[in-house]
Structures are given as C-alpha cells and as structure tokens.
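Q: Here it is, the structure in full.
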Amino acid sequence: MFVRHMPDREITIPFTAVPGVKERFRQHQPASANASGRWSTWFTAPGAKDSSYAIGEFKQTGNKVYGTFLTTTGDYRFLEGIVDGDTLKLSTFDGSHAYYFTARIKGDRLESGVFYAGIGTGKSSWTAVKDEKAALQDERTLSTVKAGQETLDFAFPDLSGQRVSIKDDRFKNKVVIITLMGSWCPNCMDETGYLSDWYKQNKQRGVEVIGLAYERTNDFEVSKTALNRFLRRFDVTYPVLVTGVTPSDPQKGEKTLPQLTGIKGFPTTIFLDKQGKVVEVHTGFNGPGTGAHYEAFKKEFNQLVDRLVAAQ
C-alpha cells in the first residue's frame, strides 16, 4: 500500500510488485514510431477550461525511451518507458508521486494522451507537437521583488525551536541563498541534494544558505518530524526554518515574504547580495532528470554566486 500523508487525511493507493522483473512495461509490438525530440505539450485536467503548458524532452533508443517534462515550476524528474508499436508509455515513482503517461505517436504529434497521477480525479488528457524551439517563461520573471522592498525581513524557528532571523549577525555582509521548500516536494529534493553538497564546498567563501520550509501542516512537531527525515537524507548542514504556513495557503507569500509579488511554486530560490538586497528570484528547479538543463542551471548558479561574492 502506497500511503501519502496529507494535512487532513491519508491517501492510500494499493499496488502489487513482482521481484526480478526489470521491464516497466510489457512489449507487445516492435516500436513503429519515434518519440525523440522536444515537444510543446498541453495538459488538461477534468473540467478545466484552460490547459497547462509543459515541454517534453525525450530520447528513444530502440523501443526504450527516457526523458522528462519541463514546466515553469520544475520538472517531472526521471521518466522511463517504451514505445509499443505507435504508443508511448512512460512512468516514474519519486516517493511522493506515482505517474503514468501514455499517448499515440502520429508523426510530429502526440495524440490521445492520458496522464494518470493517482486514483479517482488524478487523470488528465494531454497532447503535444514536436517543436525544437519550444520555450518556457523565464523563471526569473514568475516571482519578483516589489519595487523599493528589496530587503527581506523574516524570522522563523529552526527545528530546535530557536528563532532565526535574516538580520542575525551570521548573515551580515555575506551572499545569502534562500530556498523556499518542503519535505513533500520532489523538485525540492533535487535542489536540496545539490545545495547541501554545494554549501559544504563553498561556505568558506562568505556564502550562507537558508531553507524556509512550507510543510503540509502548520503543526510544528509534525513538520519537524518530516523535516528531520528529509534533512538527514541529504545531510543538510545549513539552517532550515519552519514557516508554519502550508503550500496550499493562498496567502503564503503575504504571510511569510510580503516583499515578493507572490510564491508561484516550489522550490523558489532567492539570491541576496552582501548588502542584503534581493538580486534575483528563481521559480522552480531543473533537476538531474533534465540533462543539459541541469548542467546549464549549475553553470548559471555558480556564475551568479561568483559575481555576488566578488562584488564589494
């Protein structure tokens, strides 16, 4: 039984498993189509008037397919599957979500797509068009700092209950990276894995990292338990603070960081210069499952930090 712990209930999904079987899907026919390429993709939830946009990037070798979907708030992590005849089948399980995608490949189109994300209403339709120039909105424009409010002002308890403020001496005259995250968030797992290692290698340069956690409950003790497991997993040595605000709260931005125009997704990463001013706000995270995009992220991240560290 797969159990998801939600703020007000537990969702259970029964499953079966067979040992020693490496294939995710049974191959009925040789692949007669190719899913490789970059795809403009539209997902439509049941009853929704509008579609959400994503970019699919897939590489097919024989009948095997690997790739992911990129969105403005992050990626769908590692997807793996097959092309069975002209049918694309992809899946992933990241510890929080169990996803299954299927569609028919019709030349430069993916048609009759269905995206399963659980039981009941967790089912959306999708279509895609091959488009090598497909692009997402710049992640630096989704959430920004309000004019004249470039200095943040917050204080939240760490996991020991001690209140930590961005105005504490520890953070003065240093470049500070603030990540808005949650232990429930798969993309936050990828970013935390990167930041944890990066911080150990770079903290001596005058750089600090702070995690602001938005857990599924505003119960401090429950949040603390979930976060302790999360932080041990990634060996996090920088402070992570409990905001006491849930990710589903429509006023989460106003309640925690009113200097921003809003929080559009998790993780969101905020870069402060040595004077404590917000320099950039990045929404989402392109993790290891995105290949070249992950490498580009690391390059841009380090270039920005290098510039901020070198500045007087």
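Residues in the structure tokens are named by chain (A, B, ... in the order shown) and by number from 1 within that chain; ligands are numbered from 1 in the order shown.
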A:Glu191: which residues within 12 Å, counting only C-alpha atoms, same-chain residues fewer than 4 positions away excluded, as a PyMOL selection string?
A: chain A and resi 74-75+77+178-183+185-187+195-199+211+234+236+266-269+283-289+294+297-298+301
Q: The selected residues should be written to file as a PDB file, in the first residue's frame (atoms: C-alpha atoms).
A:
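part-v4.pdb, freshly written:
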ATOM      1  CA  GLY A  74      10.182  22.410 -12.136  1.00  0.00           C
ATOM      2  CA  ASP A  75      10.435  19.089 -13.930  1.00  0.00           C
ATOM      3  CA  ARG A  77      12.076  14.120 -12.769  1.00  0.00           C
ATOM      4  CA  ILE A 178      17.259  31.331   0.420  1.00  0.00           C
ATOM      5  CA  THR A 179      15.371  28.283  -0.795  1.00  0.00           C
ATOM      6  CA  LEU A 180      11.603  28.032  -0.298  1.00  0.00           C
ATOM      7  CA  MET A 181      10.996  24.304   0.003  1.00  0.00           C
ATOM      8  CA  GLY A 182       9.098  21.447   1.614  1.00  0.00           C
ATOM      9  CA  SER A 183       9.858  17.865   2.564  1.00  0.00           C
ATOM     10  CA  CYS A 185       8.308  18.357  -2.792  1.00  0.00           C
ATOM     11  CA  PRO A 186      10.245  16.121  -5.252  1.00  0.00           C
ATOM     12  CA  ASN A 187      11.917  19.057  -7.028  1.00  0.00           C
ATOM     13  CA  LEU A 195      22.615  22.791  -2.347  1.00  0.00           C
ATOM     14  CA  SER A 196      23.720  20.568   0.533  1.00  0.00           C
ATOM     15  CA  ASP A 197      26.885  19.459  -1.268  1.00  0.00           C
ATOM     16  CA  TRP A 198      27.467  22.907  -2.763  1.00  0.00           C
ATOM     17  CA  TYR A 199      27.227  24.632   0.633  1.00  0.00           C
ATOM     18  CA  GLY A 211      15.849  26.867   3.867  1.00  0.00           C
ATOM     19  CA  PHE A 234      20.511  14.937   2.245  1.00  0.00           C
ATOM     20  CA  VAL A 236      21.895  19.308   5.267  1.00  0.00           C
ATOM     21  CA  PHE A 266       8.406  25.151  -5.004  1.00  0.00           C
ATOM     22  CA  PRO A 267      11.278  25.347  -4.810  1.00  0.00           C
ATOM     23  CA  THR A 268      11.786  29.075  -5.254  1.00  0.00           C
ATOM     24  CA  THR A 269      15.332  30.359  -4.779  1.00  0.00           C
ATOM     25  CA  THR A 283      10.982  29.849  -9.510  1.00  0.00           C
ATOM     26  CA  GLY A 284      11.284  26.081  -9.949  1.00  0.00           C
ATOM     27  CA  PHE A 285      14.261  23.816 -10.425  1.00  0.00           C
ATOM     28  CA  ASN A 286      15.616  21.813 -13.354  1.00  0.00           C
ATOM     29  CA  GLY A 287      16.961  18.680 -11.703  1.00  0.00           C
ATOM     30  CA  PRO A 288      19.242  15.853 -12.880  1.00  0.00           C
ATOM     31  CA  GLY A 289      16.409  14.343 -14.900  1.00  0.00           C
ATOM     32  CA  TYR A 294      20.551  20.742 -15.154  1.00  0.00           C
ATOM     33  CA  PHE A 297      21.437  25.576 -14.179  1.00  0.00           C
ATOM     34  CA  LYS A 298      24.649  24.696 -12.319  1.00  0.00           C
ATOM     35  CA  PHE A 301      24.022  29.367 -10.468  1.00  0.00           C
TER      36      PHE A 301
END
Q: Which stretch 166-234 of chain A residues have any atom within 6 Å of an atom of stretch 246-262 of chain A, and for each, what is the nearest pair of atoms with distance in Å to one decimal, counting only C-alpha atoms, rows sorted by chain and number, as a Markdown table?
A:
| residue | atom | partner | partner_atom | distance |
| --- | --- | --- | --- | --- |
| A:Tyr214 | CA | A:Thr246 | CA | 5.1 |
| A:Glu215 | CA | A:Thr246 | CA | 5.2 |
| A:Arg216 | CA | A:Thr246 | CA | 5.1 |
| A:Thr217 | CA | A:Thr246 | CA | 5.9 |
Q: Just write the chosen residues, N, CA and C atoms, as a compact mmCIF listing (two decimals), in the first residue's frame.
A:
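New file part.txt:
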# COMPACT_ATOMS: atom_id res chain seq x y z
N TYR A 214 7.83 25.08 3.92
CA TYR A 214 6.37 25.19 3.88
C TYR A 214 5.84 23.76 3.88
N GLU A 215 5.48 23.28 5.06
CA GLU A 215 5.05 21.89 5.20
C GLU A 215 3.54 21.77 5.02
N ARG A 216 3.07 20.55 4.86
CA ARG A 216 1.65 20.33 4.59
C ARG A 216 0.76 20.57 5.81
N THR A 217 1.36 20.78 6.94
CA THR A 217 0.63 21.07 8.17
C THR A 217 1.28 22.24 8.87
Q: Using the chain letters and numbers from this document, which residues of stretch 17-209 of chain A does DSSP assign to strand (DSSP E), as a PyMOL selection string?
A: chain A and resi 37-44+52-61+64-71+74-75+79-84+87-93+98-106+109-116+123-130+155-157+163-165+175-181+207-209
Q: From the DSSP assignment of the backbone, select every residue of stretch 130-212 of chain A that is helix (DSSP H, G or I), and format the answer as number ranges by chain.
A: A: 169-171, 186-205
Q: Identify, on the basis of only C-alpha atoms, every residue whose closest approach to stretch 134-147 of chain A does not exceed 8 Å; exclude the query and any residue fewer than 5 positions from it along the same chain; express the result as a list of chain:residue names.
A: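 The filter keeps A:Arg38, A:Trp39, A:Ser40, A:Ala54, A:Ile55, A:Thr71, A:Thr72, A:Thr73, A:Gln259, A:Leu260, A:Thr261, A:Gly262, A:Ile263, A:Lys264, A:Val278, A:Glu280, A:Val281, A:His282, A:Thr283, A:Gly284.
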Q: If we count only C-alpha atoms and set the cut-off at 9 Å, which residues sit around A:Phe101, ignoring sequence neighbours fewer than 3 positions away in its own chain? Please answer as a list in words.
A: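 Within the cut-off, the hits are Leu88, Lys89, Leu90, Ser91, Gly113, Val114, Phe115, Tyr116 and Ala117 of chain A.
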Q: For atom CA of A:Thr87 and atom CA of A:Asp190, quote the distance in Å rounded to one decimal.
A: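 Result for atom CA of A:Thr87 versus atom CA of A:Asp190: 29.8 Å, one decimal.
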Q: Considering only C-alpha atoms, return as a list in words whatever protein or nucleic-acid residues lie within 7 Å of A:Phe43, sequence-local ones (same chain, fewer than 6 positions apart) excluded.
A: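 Result of the neighbour search: Ser51, Ser52, Tyr53, Ser124, Ser125, Trp126 and Thr127 of chain A.
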